[in-house]
Structures are given as structure tokens and as C-alpha cells.
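Enquirer: My questions will all concern the structure given below.
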Amino acid sequence: MGGPKELPKVETPDWLSDGAGEATAAETGESGDFTTVERAVIDEARTILSSPEFEAIKAAHAAGEGVLVEVGGRTIQYEPGMPAAGFTLFEEDAFVMGREAFATPEEPAKTVLHELHRLATSQAADGVHGELVTKETASAFEFAERAVEEL
Amino acid sequence: MRPESLKWIEAAKVLAADPEAKVHCPKNEDEFLEVHDVPNPADPDQFERHLICPGCGATNILLMRKS
């Protein structure tokens, strides 16, 4: 019994260590602030957030109803009964938005960015845990904060 | 959504509300899911709740705020 557990410590691979694995110029976006993968995430988030399907999600939230949509091949479900902002479904390559995703005006965009970043970059679904996952969590939050300014 | 994904969503709803709940792994139903909360270093009110099966390793992640 007991609440959430501490993650066991594991060694961080070289590519994720400080100073290692930094994106090369070829991998960064036009401004150099984002990698190619991150640029693709921002582009997809922009497409999702401006889509009629996302308007359906917002309408479902306002009505307290669930809805399942697909935008550019990405499946997104809104679940009013989920007391969370988002939920990453790795094997489905999809994500769920909960009611907390609409807690503030910026939260929908940050949630979409966070979930897409997770799906694009995370190794958590491959059973990698510990320090690596802790870094991935920090990276996803940090990315969403930076990238929301790009939308 | 695949049936397994729908089971994950139901598991996430339960464990988002109560991290101590006993929920079977939606993938293989071999073990109860473990819950690991990983905070956002820049904002302690935000965290991820990692749902991990200790048996098969299946993992999915909730994005949450402290209520």
C-alpha cells in the first residue's frame, strides 16, 4: 500500500547528459531555438488548435460531454470525467484531454504541446524509467512553456 | 480507440483521482499498475503521473495539476 513511489535511479545515457546530445545546426529549426522534431510538434499543435475538430473539443468541454476527434491522423479524445489535463496513450499514438486542460486560457495549447512532445520524443513507453524519465518530464514541461509563444 | 486504450483511459480516470487505487494493467491484466509522480521542476503545482505495470512494463502518463 502507499502513495506514489519514488522512481529508481538509473544512469543517464550520454546523449541526454549535460552538454551531450545537443542539437546540431542541421537539426535545429530556423531560429535555432527548437530542434527539427520540436518544430514539427509546434506545427502539428498549430494545426490541431486551429482545426474545426478542436472547436468540437472545446464545445464538448463546455457541454460537459466526451468527444473523439481525429486531426491530420492524430486521434484526440476529450474526457470530462478525467481529473487531469492530459493523458498520453503511447501505443495508440494518441492522447486524451481532461477538464484541467481548460483551466486557464493558455492551458489547452500547453496541454497539446506537452502531449505531442511526449509522443514524439519519449522513451517511457519502451520501459525506460528513473532519471531519464525525470529528465523527459522536465523537458516536456519546459518545451510547452517555450513553444506556446510560437503559436 | 482500441479496446485496450479505452481500458487505459478508465484506469487513468481512477488513478488520477486516487493514486492508491488498485487497478489492473489494461494491457495484460497481469499486475496492478504502479504510480510514480514526477514533478515539474519549474512549477511544483504541475506534475506527471506515470502509470507503469511492474509485470509487462506497459506505461502511459497523466499530465496533472495539484488540486
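Identifiers in the C-alpha cells: chain A, B, ... in order shown; residue index from 1 per chain; ligand index from 1 in order shown.
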Give me every strand (DSSP E or B) residue in chain B, going by DSSP on the backbone, as a list of chain:residue names.
Expert: B:His24, B:Phe32, B:Glu34, B:Val35, B:His36, B:Asp37, B:Val38, B:Pro39, B:Asn40, B:Asp43, B:Pro44, B:Asp45, B:Gln46, B:Phe47, B:Glu48, B:Arg49, B:His50, B:Leu51, B:Ile52, B:Thr59, B:Asn60, B:Ile61, B:Leu62, B:Leu63, B:Met64, B:Arg65
Enquirer: Based on the selection just made, write C-alpha atoms of those residues as a compact mmCIF listing (two decimals), in the first residue's frame.
Expert:
```txt
# COMPACT_ATOMS: atom_id res chain seq x y z
CA HIS B 24 -5.06 -3.97 -13.10
CA PHE B 32 -1.66 -3.80 -10.53
CA GLU B 34 2.23 1.33 -10.09
CA VAL B 35 2.00 5.11 -9.81
CA HIS B 36 5.02 7.43 -9.90
CA ASP B 37 4.57 11.17 -9.60
CA VAL B 38 7.26 13.23 -11.34
CA PRO B 39 7.09 16.98 -10.59
CA ASN B 40 7.76 19.84 -12.96
CA ASP B 43 6.41 24.61 -11.14
CA PRO B 44 5.72 22.33 -8.18
CA ASP B 45 1.99 22.60 -8.80
CA GLN B 46 2.38 20.65 -12.04
CA PHE B 47 3.42 17.04 -12.31
CA GLU B 48 3.19 13.94 -14.43
CA ARG B 49 1.69 10.77 -13.01
CA HIS B 50 3.34 7.76 -14.64
CA LEU B 51 1.21 4.61 -14.69
CA ILE B 52 3.52 1.61 -15.02
CA THR B 59 3.40 2.70 -19.42
CA ASN B 60 1.22 5.73 -20.02
CA ILE B 61 1.39 9.19 -18.49
CA LEU B 62 -1.09 11.63 -16.95
CA LEU B 63 -0.46 15.38 -17.04
CA MET B 64 -1.79 16.87 -13.83
CA ARG B 65 -2.00 19.86 -11.52
```
Enquirer: Distance cut-off 10 Å, counting only C-alpha atoms - which residues of chain A neighbour chain B? Return them as number ranges by chain.
Expert: A: 1-7, 68, 75-77, 79-92, 94-98, 100-101, 103, 111, 114-115, 118, 124-130, 133-142
Enquirer: When DSSP is applied to the backbone of this structure, which of stretch 74-112 of chain A are assigned helix (DSSP H, G or I)? Write them out as a list in words.
Expert: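 Filtering stretch 74-112 of chain A down to helix (DSSP H, G or I) leaves Arg99, Glu100, Ala101, Phe102, Glu107, Pro108, Ala109, Lys110, Thr111 and Val112 of chain A.
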